[in-house]
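What's in my_file01.tsv: TSV, C-alpha atoms
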chain	number	residue	atom	x	y	z
A	279	MET	CA	40.06	-18.53	-5.77
A	280	ALA	CA	38.60	-15.40	-4.18
A	281	LYS	CA	34.83	-15.25	-3.86
A	282	GLN	CA	32.95	-12.79	-6.04
A	283	ARG	CA	32.13	-9.43	-4.52
A	284	ILE	CA	28.37	-9.12	-4.00
A	285	GLY	CA	26.23	-5.99	-3.92
A	286	TYR	CA	22.70	-6.00	-2.51
A	287	ILE	CA	20.26	-3.12	-2.96
A	288	GLY	CA	17.02	-3.52	-1.02
A	289	VAL	CA	17.55	-5.25	2.32
A	290	GLY	CA	13.94	-5.14	3.52
A	291	LEU	CA	11.63	-7.96	4.55
A	292	MET	CA	12.95	-10.44	1.98
A	293	GLY	CA	16.26	-8.92	0.94
A	294	HIS	CA	17.69	-8.75	4.46
A	295	GLY	CA	17.59	-12.52	4.94
A	296	ALA	CA	18.98	-13.24	1.49
A	297	ALA	CA	21.81	-10.72	1.93
A	298	LYS	CA	22.60	-12.00	5.41
A	299	ASN	CA	22.95	-15.56	4.19
A	300	ILE	CA	25.21	-14.50	1.31
A	301	LEU	CA	27.42	-12.64	3.80
A	302	GLN	CA	27.52	-15.52	6.26
A	303	LYS	CA	28.64	-17.88	3.49
A	304	GLY	CA	31.80	-15.81	3.13
A	305	TYR	CA	31.03	-13.48	0.22
A	306	PRO	CA	32.19	-9.85	0.56
A	307	LEU	CA	28.99	-7.80	0.68
A	308	THR	CA	28.23	-4.17	-0.12
A	309	ILE	CA	24.73	-2.85	0.61
A	310	MET	CA	22.93	0.44	0.14
A	311	GLY	CA	21.10	2.22	2.95
A	312	HIS	CA	17.34	1.97	3.41
A	313	ARG	CA	14.75	4.15	5.12
A	314	ASN	CA	14.56	1.47	7.84
A	315	ARG	CA	18.05	1.46	9.34
A	316	ALA	CA	17.64	-1.63	11.51
A	317	PRO	CA	18.38	-4.27	8.81
A	318	VAL	CA	21.17	-2.14	7.36
A	319	ASP	CA	22.85	-1.67	10.74
A	320	GLU	CA	22.55	-5.38	11.50
A	321	LEU	CA	24.26	-6.33	8.24
A	322	ILE	CA	27.01	-3.76	8.82
A	323	ALA	CA	27.58	-5.25	12.27
A	324	LEU	CA	27.99	-8.66	10.61
A	325	GLY	CA	30.64	-7.30	8.27
A	326	ALA	CA	28.86	-5.74	5.29
A	327	ARG	CA	30.01	-2.44	3.83
A	328	GLU	CA	27.52	0.35	3.13
A	329	ALA	CA	27.60	2.40	-0.08
A	330	LYS	CA	25.78	5.68	-0.66
A	331	THR	CA	24.49	5.22	-4.23
A	332	PRO	CA	23.54	2.37	-6.56
A	333	ALA	CA	26.50	3.29	-8.77
A	334	ASP	CA	28.84	2.90	-5.79
A	335	VAL	CA	27.38	-0.53	-5.05
A	336	ALA	CA	27.92	-1.55	-8.68
A	337	ARG	CA	31.52	-0.29	-8.72
A	338	ALA	CA	32.31	-2.32	-5.61
A	339	SER	CA	30.67	-5.53	-6.83
A	340	ASP	CA	31.00	-8.30	-9.39
A	341	VAL	CA	27.35	-9.32	-8.93
A	342	VAL	CA	24.61	-6.89	-7.86
A	343	PHE	CA	21.25	-8.10	-6.51
A	344	LEU	CA	18.17	-5.86	-6.49
A	345	CYS	CA	15.23	-6.64	-4.20
A	346	LEU	CA	12.94	-3.62	-4.43
A	347	PRO	CA	9.21	-2.90	-4.04
A	348	SER	CA	8.36	-2.69	-7.74
A	349	THR	CA	9.53	-2.11	-11.30
A	350	VAL	CA	9.29	1.64	-10.66
A	351	GLU	CA	12.06	1.49	-8.06
A	352	VAL	CA	14.08	-0.94	-10.18
A	353	GLU	CA	14.09	1.44	-13.14
A	354	GLN	CA	14.96	4.41	-10.90
A	355	THR	CA	17.81	2.46	-9.30
A	356	ILE	CA	19.23	1.42	-12.66
A	357	TYR	CA	18.66	4.49	-14.85
A	358	GLY	CA	18.55	7.30	-12.28
A	359	GLU	CA	21.35	9.65	-11.29
A	360	SER	CA	24.27	7.60	-9.88
A	361	GLY	CA	22.40	4.47	-10.91
A	362	VAL	CA	23.55	0.91	-11.40
A	363	LEU	CA	23.92	1.36	-15.17
A	364	GLU	CA	26.39	4.17	-14.52
A	365	GLY	CA	28.50	2.21	-12.06
A	366	ALA	CA	28.46	-1.31	-13.49
A	367	SER	CA	31.30	-2.41	-15.75
A	368	THR	CA	31.80	-4.97	-18.48
A	369	GLY	CA	31.57	-8.49	-17.06
A	370	SER	CA	29.30	-7.56	-14.15
A	371	ILE	CA	26.08	-9.47	-13.50
A	372	ILE	CA	22.88	-7.79	-12.33
A	373	VAL	CA	20.25	-9.99	-10.67
A	374	ASP	CA	16.75	-8.61	-10.16
A	375	SER	CA	15.00	-10.41	-7.29
A	376	THR	CA	12.11	-7.94	-7.29
A	377	THR	CA	8.66	-9.20	-8.27
A	378	ALA	CA	8.72	-7.08	-11.40
A	379	ASP	CA	7.23	-6.61	-14.86
A	380	PRO	CA	9.08	-9.04	-17.18
A	381	ARG	CA	8.65	-6.71	-20.13
A	382	SER	CA	10.68	-4.06	-18.30
A	383	THR	CA	13.22	-6.70	-17.27
A	384	GLN	CA	13.85	-7.59	-20.92
A	385	ARG	CA	14.30	-3.93	-21.88
A	386	ILE	CA	16.73	-3.37	-19.01
A	387	GLY	CA	18.65	-6.51	-19.95
A	388	ALA	CA	19.07	-5.25	-23.53
A	389	ASP	CA	20.45	-1.92	-22.24
A	390	PHE	CA	22.91	-3.70	-19.94
A	391	ALA	CA	24.02	-5.95	-22.80
A	392	LYS	CA	25.14	-2.89	-24.78
A	393	LYS	CA	27.76	-2.33	-22.05
A	394	GLY	CA	28.78	-5.98	-21.85
A	395	ILE	CA	26.85	-6.49	-18.60
A	396	ARG	CA	24.79	-9.64	-18.07
A	397	MET	CA	21.43	-9.78	-16.32
A	398	ALA	CA	19.26	-12.44	-14.70
A	399	ASP	CA	15.88	-12.28	-12.99
A	400	ALA	CA	15.50	-14.33	-9.83
A	401	PRO	CA	12.35	-13.31	-7.91
A	402	LEU	CA	11.88	-14.80	-4.46
A	403	GLY	CA	9.21	-17.16	-3.19
A	404	ARG	CA	8.04	-17.97	0.36
A	405	THR	CA	8.19	-15.51	3.30
A	406	PRO	CA	10.65	-13.43	5.36
A	407	LYS	CA	10.90	-16.35	7.81
A	408	GLU	CA	12.38	-18.58	5.10
A	409	ALA	CA	14.56	-15.68	3.90
A	410	GLU	CA	16.22	-15.48	7.31
A	411	ALA	CA	16.64	-19.26	7.40
A	412	GLY	CA	18.18	-19.39	3.92
A	413	LYS	CA	15.31	-21.52	2.62
A	414	LEU	CA	13.67	-19.36	-0.03
A	415	SER	CA	12.56	-20.54	-3.44
A	416	THR	CA	13.58	-18.67	-6.56
A	417	PHE	CA	12.82	-18.83	-10.28
A	418	VAL	CA	15.81	-17.80	-12.37
A	419	GLY	CA	15.68	-16.40	-15.89
A	420	GLY	CA	18.79	-15.77	-17.97
A	421	ASP	CA	21.25	-17.45	-20.29
A	422	ALA	CA	22.47	-20.86	-19.11
A	423	ALA	CA	26.08	-19.81	-18.49
A	424	THR	CA	25.06	-16.85	-16.34
A	425	VAL	CA	22.61	-18.92	-14.32
A	426	ARG	CA	25.28	-21.58	-13.77
A	427	GLU	CA	27.71	-18.93	-12.50
A	428	LEU	CA	25.10	-17.46	-10.16
A	429	ARG	CA	23.92	-20.76	-8.71
A	430	PRO	CA	26.48	-21.05	-5.85
A	431	ILE	CA	25.53	-17.55	-4.66
A	432	ILE	CA	21.80	-18.19	-4.92
A	433	GLU	CA	22.24	-21.45	-3.00
A	434	CYS	CA	23.30	-19.35	-0.01
A	435	TYR	CA	19.70	-18.22	0.53
A	436	ALA	CA	17.48	-20.57	-1.52
A	437	ASP	CA	16.95	-24.32	-1.24
A	438	THR	CA	14.61	-24.48	-4.24
A	439	ILE	CA	16.06	-23.08	-7.48
A	440	ILE	CA	14.01	-23.43	-10.66
A	441	GLU	CA	15.77	-22.52	-13.90
A	442	ALA	CA	12.93	-20.79	-15.73
A	443	GLY	CA	14.38	-20.07	-19.16
A	444	ALA	CA	15.39	-16.84	-20.90
A	445	LEU	CA	15.60	-13.46	-19.19
A	446	GLY	CA	12.14	-12.43	-17.95
A	447	ALA	CA	10.90	-16.00	-17.53
A	448	GLY	CA	11.53	-15.90	-13.79
A	449	HIS	CA	9.41	-12.79	-13.36
A	450	THR	CA	6.67	-14.25	-15.54
A	451	LEU	CA	6.53	-17.44	-13.45
A	452	LYS	CA	6.52	-15.39	-10.26
A	453	LEU	CA	3.55	-13.28	-11.35
A	454	VAL	CA	1.49	-16.30	-12.36
A	455	ASN	CA	2.39	-18.00	-9.08
A	456	ASN	CA	1.48	-14.88	-7.12
A	457	PHE	CA	-1.86	-14.56	-8.87
A	458	ILE	CA	-2.71	-18.07	-7.65
A	459	ALA	CA	-1.60	-17.27	-4.09
A	460	ILE	CA	-2.99	-13.72	-3.85
A	461	GLY	CA	-6.14	-14.71	-5.70
A	462	THR	CA	-6.66	-17.45	-3.12
A	463	SER	CA	-6.22	-14.90	-0.33
A	464	GLY	CA	-8.89	-12.71	-1.90
A	465	VAL	CA	-11.38	-15.59	-2.03
A	466	ILE	CA	-10.61	-16.49	1.59
A	467	ALA	CA	-10.97	-12.88	2.75
A	468	GLU	CA	-14.31	-12.40	1.02
A	469	ALA	CA	-15.66	-15.69	2.39
A	470	LEU	CA	-14.61	-14.84	5.95
A	471	ALA	CA	-16.10	-11.34	5.74
A	472	THR	CA	-19.39	-12.78	4.50
A	473	ALA	CA	-19.32	-15.47	7.19
A	474	ALA	CA	-18.81	-12.81	9.84
A	475	LYS	CA	-21.77	-10.84	8.49
A	476	LEU	CA	-23.88	-14.01	8.64
A	477	GLY	CA	-22.91	-14.58	12.28
A	478	VAL	CA	-20.95	-17.77	11.55
A	479	ASP	CA	-18.63	-19.00	14.32
A	480	LEU	CA	-15.29	-18.51	12.57
A	481	SER	CA	-13.55	-21.09	14.74
A	482	LYS	CA	-16.07	-23.67	13.49
A	483	LEU	CA	-15.52	-22.49	9.92
A	484	TYR	CA	-11.81	-23.02	10.47
A	485	GLU	CA	-12.46	-26.62	11.48
A	486	VAL	CA	-14.70	-27.23	8.47
A	487	VAL	CA	-12.27	-25.79	5.90
A	488	SER	CA	-9.24	-27.43	7.52
A	489	ALA	CA	-10.91	-30.82	7.10
A	490	GLY	CA	-11.93	-30.31	3.47
A	491	GLY	CA	-10.80	-29.47	-0.05
A	492	GLY	CA	-10.69	-25.73	0.60
A	493	ASN	CA	-7.81	-26.11	3.03
A	494	GLY	CA	-4.36	-24.93	2.00
A	495	ARG	CA	-1.28	-23.05	3.07
A	496	MET	CA	-2.75	-19.62	2.35
A	497	PHE	CA	-5.80	-20.38	4.49
A	498	GLN	CA	-3.60	-21.61	7.33
A	499	MET	CA	-1.41	-18.49	7.16
A	500	MET	CA	-4.37	-16.10	7.20
A	501	MET	CA	-6.48	-17.69	9.92
A	502	PRO	CA	-4.21	-16.98	12.94
A	503	TRP	CA	-5.11	-13.29	12.61
A	504	VAL	CA	-8.82	-14.05	12.24
A	505	LEU	CA	-8.84	-16.32	15.30
A	506	GLU	CA	-6.12	-14.81	17.49
A	507	GLY	CA	-5.03	-11.45	16.07
A	508	ASP	CA	-1.66	-12.83	14.90
A	509	ASP	CA	-0.74	-11.48	11.46
A	510	SER	CA	2.89	-12.63	11.58
A	511	HIS	CA	2.40	-15.81	9.54
A	512	LEU	CA	2.17	-13.88	6.26
A	513	LYS	CA	4.22	-10.69	6.38
A	514	GLY	CA	3.21	-9.51	2.93
A	515	PRO	CA	2.01	-5.88	2.86
A	516	LEU	CA	-1.30	-5.31	1.10
A	517	ARG	CA	0.32	-2.65	-1.12
A	518	ILE	CA	2.87	-5.17	-2.45
A	519	ALA	CA	0.19	-7.79	-3.10
A	520	GLY	CA	-1.81	-5.13	-4.95
A	521	LYS	CA	1.22	-4.23	-7.05
A	522	ASP	CA	1.73	-7.88	-7.99
A	523	MET	CA	-1.91	-8.16	-9.07
A	524	ARG	CA	-1.63	-5.02	-11.23
A	525	TYR	CA	1.45	-6.45	-12.94
A	526	TYR	CA	-0.25	-9.78	-13.52
A	527	THR	CA	-3.38	-8.26	-15.04
A	528	LYS	CA	-1.30	-6.07	-17.35
A	529	LEU	CA	0.80	-9.06	-18.37
A	530	ALA	CA	-2.32	-11.10	-19.12
A	531	GLU	CA	-3.74	-8.27	-21.22
A	532	SER	CA	-0.50	-8.06	-23.20
A	533	ALA	CA	-0.69	-11.79	-24.10
A	534	PRO	CA	-3.64	-11.19	-24.79
A	535	ALA	CA	-5.49	-13.43	-22.31
A	536	THR	CA	-8.58	-13.02	-20.17
A	537	ALA	CA	-8.21	-12.02	-16.52
A	538	PHE	CA	-11.73	-11.76	-15.09
A	539	ILE	CA	-10.94	-13.25	-11.68
A	540	ALA	CA	-7.58	-11.48	-11.49
A	541	GLN	CA	-9.23	-8.11	-12.10
A	542	ALA	CA	-11.71	-8.73	-9.26
A	543	VAL	CA	-8.86	-9.59	-6.88
A	544	ASN	CA	-6.88	-6.62	-8.18
A	545	GLN	CA	-9.75	-4.27	-7.38
A	546	THR	CA	-10.22	-5.82	-3.92
A	547	TYR	CA	-6.62	-5.03	-3.05
A	548	GLN	CA	-6.86	-1.64	-4.75
A	549	LEU	CA	-9.80	-0.79	-2.50
A	550	ALA	CA	-7.90	-1.79	0.65
A	551	ASN	CA	-4.90	0.29	-0.42
A	552	ILE	CA	-6.98	3.35	-1.32
A	553	GLN	CA	-8.51	3.21	2.15
A	554	GLY	CA	-5.07	3.50	3.73
A	555	HIS	CA	-4.38	-0.13	4.65
A	556	GLY	CA	-1.44	-0.67	2.31
A	557	ASP	CA	1.18	-1.26	5.00
A	558	ARG	CA	-0.92	-3.80	6.88
A	559	PHE	CA	-0.25	-7.47	6.19
A	560	MET	CA	-2.40	-9.70	3.98
A	561	PRO	CA	-4.07	-11.70	6.81
A	562	VAL	CA	-5.89	-8.50	7.83
A	563	LEU	CA	-7.82	-8.31	4.53
A	564	PRO	CA	-10.83	-10.28	5.89
A	565	GLY	CA	-11.20	-7.70	8.66
A	566	ILE	CA	-11.08	-4.81	6.20
A	567	LEU	CA	-13.79	-6.41	4.03
A	568	ALA	CA	-15.89	-7.23	7.09
A	569	GLU	CA	-15.89	-3.57	8.13
A	570	LEU	CA	-16.99	-2.61	4.61
A	571	ASN	CA	-19.89	-5.02	5.12
A	572	GLY	CA	-20.84	-3.31	8.39
A	573	CYS	CA	-19.48	-5.95	10.79
A	574	LYS	CA	-16.23	-6.66	12.59
A	575	ILE	CA	-13.99	-9.68	12.94
A	576	ARG	CA	-11.62	-7.95	15.38
A	577	GLU	CA	-9.79	-4.64	15.76
A	578	LEU	CA	-7.37	-3.97	12.94
A	579	PRO	CA	-3.72	-3.86	14.05
A	580	PRO	CA	-1.97	-0.49	14.17
A	581	LEU	CA	-0.15	0.51	11.00
A	582	PRO	CA	3.60	-0.20	11.15
A	583	ALA	CA	5.82	2.75	11.99
A	584	GLN	CA	7.44	4.32	8.92
Starting from the file, lay out its structure as structure tokens.
Amino acid sequence: MAKQRIGYIGVGLMGHGAAKNILQKGYPLTIMGHRNRAPVDELIALGAREAKTPADVARASDVVFLCLPSTVEVEQTIYGESGVLEGASTGSIIVDSTTADPRSTQRIGADFAKKGIRMADAPLGRTPKEAEAGKLSTFVGGDAATVRELRPIIECYADTIIEAGALGAGHTLKLVNNFIAIGTSGVIAEALATAAKLGVDLSKLYEVVSAGGGNGRMFQMMMPWVLEGDDSHLKGPLRIAGKDMRYYTKLAESAPATAFIAQAVNQTYQLANIQGHGDRFMPVLPGILAELNGCKIRELPPLPAQ
């Protein structure tokens, strides 16, 4: 039996690795171009086909994955001129791997259903390193039959697959998870900036935290930049983390539920983004806050080329 034809829109930091692993497992792959040509050209060299519009990707595919910066881009890609909704046909499956607003996901799913198109949400966990290795985690929302059909494809790039429930449940889980992770990064950044202002030896602080209850994966991913200038252990742009916090706070308000701590973290990231640091990676946040406090941990890295 021939493998399903796969489309992938958004082959950036996370999407490139996922798409590459799908392709290398023998699925025909169609991708859409990106402002950064390097990942697109690499996938084409490996055998992927490039389409010019989201509608073209949908026409060429049985299953279309989206991995985009935010719900804004998802809605543009689906509803815009030559969008996925225009090109997809009855029986197609659309999988949104963006960290997106679940309320939008449910609305989009209802619009697809009117055309006989199924939808699932499967946001990605872990980092670009695990994406390239095919060892991501993912939290899948959708009806049971659709999730069962998608599972062999998802297994190409994820070794942890959590079936979350109905459509939108994956995105909800992802936002709560990201609040815990990004919230932790905000606490770490503020503590390090304050420690720097107090003249604390940050290498000694690293030893203290590593030996105690405050230690954790987020701390260990952020500290290489603080100690050595290496921000490669957490390649999450500040602008994306800020977007996730905005979505979480809005989701909490819609519950309604309190979000005091989340709002403080949200505003911390908002401040960094307003100051022009959005394309820097999350481990740099302690340095940004230190400079606001009138001290310095180390020189901030140059902004990535656009």
Kindly indicate which residue among A:Met523, A:Ala366, A:Cys434, A:Ile466 lies nearest to A:Lys452, using all atoms listed in the file for the distances.
A:Met523
Coordinates-based distance that separates atom CA of A:His511 from atom CA of A:Leu578 (Å, one decimal):
15.7 Å
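Here atom CA of A:Asp399 stands at a distance of 16.9 Å from atom CA of A:Val289.
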Atom pair atom CA of A:Met292 / atom CA of A:Gly403: separation (Å)
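One can read the atom CA of A:Met292 to atom CA of A:Gly403 distance as 9.3 Å.
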Counting all atoms listed in the file, the option among A:Ala378, A:Leu324, A:Ala329, A:Ile440 closest to A:Cys345
A:Ala378
Counting only C-alpha atoms, what is within 6 Å of stretch 407-423 of chain A, bar same-chain residues fewer than 4 positions away, as a list in words?
Met292, Gly295, Ala296, Ala398, Asp399, Ala400, Pro401, Leu402, Gly403, Tyr435, Ala436, Asp437, Thr438, Ile439, Ile440, Glu441, Ala442, Gly443, Ala444, Leu445, Gly446, Ala447 and Gly448 of chain A
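For A:Ala336, the non-local neighbours within 9 Å, defined as residues at least 4 positions apart in the same chain or in other chains and counting all atoms listed in the file, are Ile284, Gly285, Thr308, Thr331, Pro332, Asp340, Val341, Val342, Gly361, Val362, Leu363, Glu364, Gly365, Ala366, Ser367, Ser370 and Ile372 of chain A.
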Using all atoms listed in the file, pick whichever of A:Asp379, A:Asp557, A:Glu468, A:Asp509 has the shortest atom-to-atom distance to A:Leu529.
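So, comparing all the options, the nearest one is A:Asp379.
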Need to verify the contact set: A:Ala474, 9 Å, only C-alpha atoms, exclusion of same-chain residues closer than 3 positions in sequence. Can you return it as a VMD selection string?
chain A and resid 469 to 471 477 to 480 568 573 to 575
Near A:Ala530, counting all atoms listed in the file, which residues have an atom at most 12 Å away, once you skip same-chain residues fewer than 3 positions from it, shown as a PyMOL selection string?
chain A and resi 379-381+450+453-454+457+523-527+533-541
Give me the residues near stretch 492-504 of chain A as number ranges by chain, where near means some atom within 10 Å (using all atoms listed in the file) and where sequence neighbours in that chain fewer than 2 positions away do not count.
A: 459-460, 462-463, 465-467, 470, 480-481, 484-490, 506-513, 559-565, 575-576, 578-579
Deliver the residues from the most recent selection as a file, using C-alpha atoms, as a compact mmCIF listing (two decimals), in the frame of the given file.
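Saved file part.txt follows:
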# COMPACT_ATOMS: atom_id res chain seq x y z
CA ALA A 459 -1.60 -17.27 -4.09
CA ILE A 460 -2.99 -13.72 -3.85
CA THR A 462 -6.66 -17.45 -3.12
CA SER A 463 -6.22 -14.90 -0.33
CA VAL A 465 -11.38 -15.59 -2.03
CA ILE A 466 -10.61 -16.49 1.59
CA ALA A 467 -10.97 -12.88 2.75
CA LEU A 470 -14.61 -14.84 5.95
CA LEU A 480 -15.29 -18.51 12.57
CA SER A 481 -13.55 -21.09 14.74
CA TYR A 484 -11.81 -23.02 10.47
CA GLU A 485 -12.46 -26.62 11.48
CA VAL A 486 -14.70 -27.23 8.47
CA VAL A 487 -12.27 -25.79 5.90
CA SER A 488 -9.24 -27.43 7.52
CA ALA A 489 -10.91 -30.82 7.10
CA GLY A 490 -11.93 -30.31 3.47
CA GLU A 506 -6.12 -14.81 17.49
CA GLY A 507 -5.03 -11.45 16.07
CA ASP A 508 -1.66 -12.83 14.90
CA ASP A 509 -0.74 -11.48 11.46
CA SER A 510 2.89 -12.63 11.58
CA HIS A 511 2.40 -15.81 9.54
CA LEU A 512 2.17 -13.88 6.26
CA LYS A 513 4.22 -10.69 6.38
CA PHE A 559 -0.25 -7.47 6.19
CA MET A 560 -2.40 -9.70 3.98
CA PRO A 561 -4.07 -11.70 6.81
CA VAL A 562 -5.89 -8.50 7.83
CA LEU A 563 -7.82 -8.31 4.53
CA PRO A 564 -10.83 -10.28 5.89
CA GLY A 565 -11.20 -7.70 8.66
CA ILE A 575 -13.99 -9.68 12.94
CA ARG A 576 -11.62 -7.95 15.38
CA LEU A 578 -7.37 -3.97 12.94
CA PRO A 579 -3.72 -3.86 14.05
Show me the residues around (5.6, 0.4, -10.6) - criterion: an atom at most 12 Å away, only C-alpha atoms counted - as a PDB file with C-alpha atoms, in the coordinates of the input.
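Heads up, here's the output in result-v9.pdb:
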ATOM      1  CA  LEU A 346      12.940  -3.620  -4.430  1.00  0.00           C
ATOM      2  CA  PRO A 347       9.210  -2.900  -4.040  1.00  0.00           C
ATOM      3  CA  SER A 348       8.360  -2.690  -7.740  1.00  0.00           C
ATOM      4  CA  THR A 349       9.530  -2.110 -11.300  1.00  0.00           C
ATOM      5  CA  VAL A 350       9.290   1.640 -10.660  1.00  0.00           C
ATOM      6  CA  GLU A 351      12.060   1.490  -8.060  1.00  0.00           C
ATOM      7  CA  VAL A 352      14.080  -0.940 -10.180  1.00  0.00           C
ATOM      8  CA  GLU A 353      14.090   1.440 -13.140  1.00  0.00           C
ATOM      9  CA  GLN A 354      14.960   4.410 -10.900  1.00  0.00           C
ATOM     10  CA  THR A 376      12.110  -7.940  -7.290  1.00  0.00           C
ATOM     11  CA  THR A 377       8.660  -9.200  -8.270  1.00  0.00           C
ATOM     12  CA  ALA A 378       8.720  -7.080 -11.400  1.00  0.00           C
ATOM     13  CA  ASP A 379       7.230  -6.610 -14.860  1.00  0.00           C
ATOM     14  CA  SER A 382      10.680  -4.060 -18.300  1.00  0.00           C
ATOM     15  CA  ARG A 517       0.320  -2.650  -1.120  1.00  0.00           C
ATOM     16  CA  ILE A 518       2.870  -5.170  -2.450  1.00  0.00           C
ATOM     17  CA  GLY A 520      -1.810  -5.130  -4.950  1.00  0.00           C
ATOM     18  CA  LYS A 521       1.220  -4.230  -7.050  1.00  0.00           C
ATOM     19  CA  ASP A 522       1.730  -7.880  -7.990  1.00  0.00           C
ATOM     20  CA  MET A 523      -1.910  -8.160  -9.070  1.00  0.00           C
ATOM     21  CA  ARG A 524      -1.630  -5.020 -11.230  1.00  0.00           C
ATOM     22  CA  TYR A 525       1.450  -6.450 -12.940  1.00  0.00           C
ATOM     23  CA  LYS A 528      -1.300  -6.070 -17.350  1.00  0.00           C
TER      24      LYS A 528
END
Edge lengths and centre in Å, axis-aligned, stretch 365-378 of chain A plus 5 Å each side, as lines of an AutoDock Vina configuration file:
center_x = 20.2
center_y = -4.1
center_z = -12.9
size_x = 33.1
size_y = 22.6
size_z = 21.2
When distances are computed from all atoms listed in the file, which of A:Met310, A:Ile566, A:Ile371, A:Ala391 shows the smallest separation from A:Gln282?
A:Ile371
Under the rule that only C-alpha atoms are counted, which of A:Asn314, A:Lys392, A:Phe343, A:Glu328 is the nearest residue to A:Ala297?
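Once distances to A:Ala297 are computed over only C-alpha atoms, the minimum belongs to A:Phe343.
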As a short mmCIF file (atom, residue, chain, number, x, y, z; two decimals), in the coordinates of the input, please: stretch 403-415 of chain A completed to N, CA, C and O atoms.
data_model
loop_
_atom_site.label_atom_id
_atom_site.label_comp_id
_atom_site.auth_asym_id
_atom_site.auth_seq_id
_atom_site.Cartn_x
_atom_site.Cartn_y
_atom_site.Cartn_z
N GLY A 403 10.44 -16.56 -3.68
CA GLY A 403 9.21 -17.16 -3.19
C GLY A 403 9.34 -17.48 -1.71
O GLY A 403 10.42 -17.59 -1.17
N ARG A 404 8.19 -17.68 -1.06
CA ARG A 404 8.04 -17.97 0.36
C ARG A 404 8.00 -16.66 1.15
O ARG A 404 7.56 -15.64 0.63
N THR A 405 8.44 -16.64 2.40
CA THR A 405 8.19 -15.51 3.30
C THR A 405 9.49 -15.03 3.95
O THR A 405 10.53 -15.69 3.84
N PRO A 406 9.45 -13.89 4.66
CA PRO A 406 10.65 -13.43 5.36
C PRO A 406 11.24 -14.45 6.33
O PRO A 406 12.46 -14.47 6.56
N LYS A 407 10.40 -15.30 6.90
CA LYS A 407 10.90 -16.35 7.81
C LYS A 407 11.87 -17.27 7.09
O LYS A 407 12.96 -17.58 7.58
N GLU A 408 11.48 -17.72 5.88
CA GLU A 408 12.38 -18.58 5.10
C GLU A 408 13.59 -17.80 4.58
O GLU A 408 14.67 -18.37 4.43
N ALA A 409 13.42 -16.50 4.34
CA ALA A 409 14.56 -15.68 3.90
C ALA A 409 15.64 -15.68 4.97
O ALA A 409 16.83 -15.86 4.68
N GLU A 410 15.25 -15.49 6.22
CA GLU A 410 16.22 -15.48 7.31
C GLU A 410 16.88 -16.84 7.49
O GLU A 410 18.06 -16.93 7.83
N ALA A 411 16.12 -17.91 7.23
CA ALA A 411 16.64 -19.26 7.40
C ALA A 411 17.44 -19.74 6.20
O ALA A 411 18.03 -20.84 6.24
N GLY A 412 17.48 -18.96 5.12
CA GLY A 412 18.18 -19.39 3.92
C GLY A 412 17.45 -20.46 3.15
O GLY A 412 18.08 -21.27 2.45
N LYS A 413 16.12 -20.47 3.24
CA LYS A 413 15.31 -21.52 2.62
C LYS A 413 14.24 -20.94 1.70
O LYS A 413 13.10 -21.40 1.66
N LEU A 414 14.60 -19.92 0.94
CA LEU A 414 13.67 -19.36 -0.03
C LEU A 414 13.58 -20.26 -1.25
O LEU A 414 14.40 -21.16 -1.46
N SER A 415 12.58 -20.00 -2.09
CA SER A 415 12.56 -20.54 -3.44
C SER A 415 12.82 -19.39 -4.40
O SER A 415 12.58 -18.22 -4.07
#
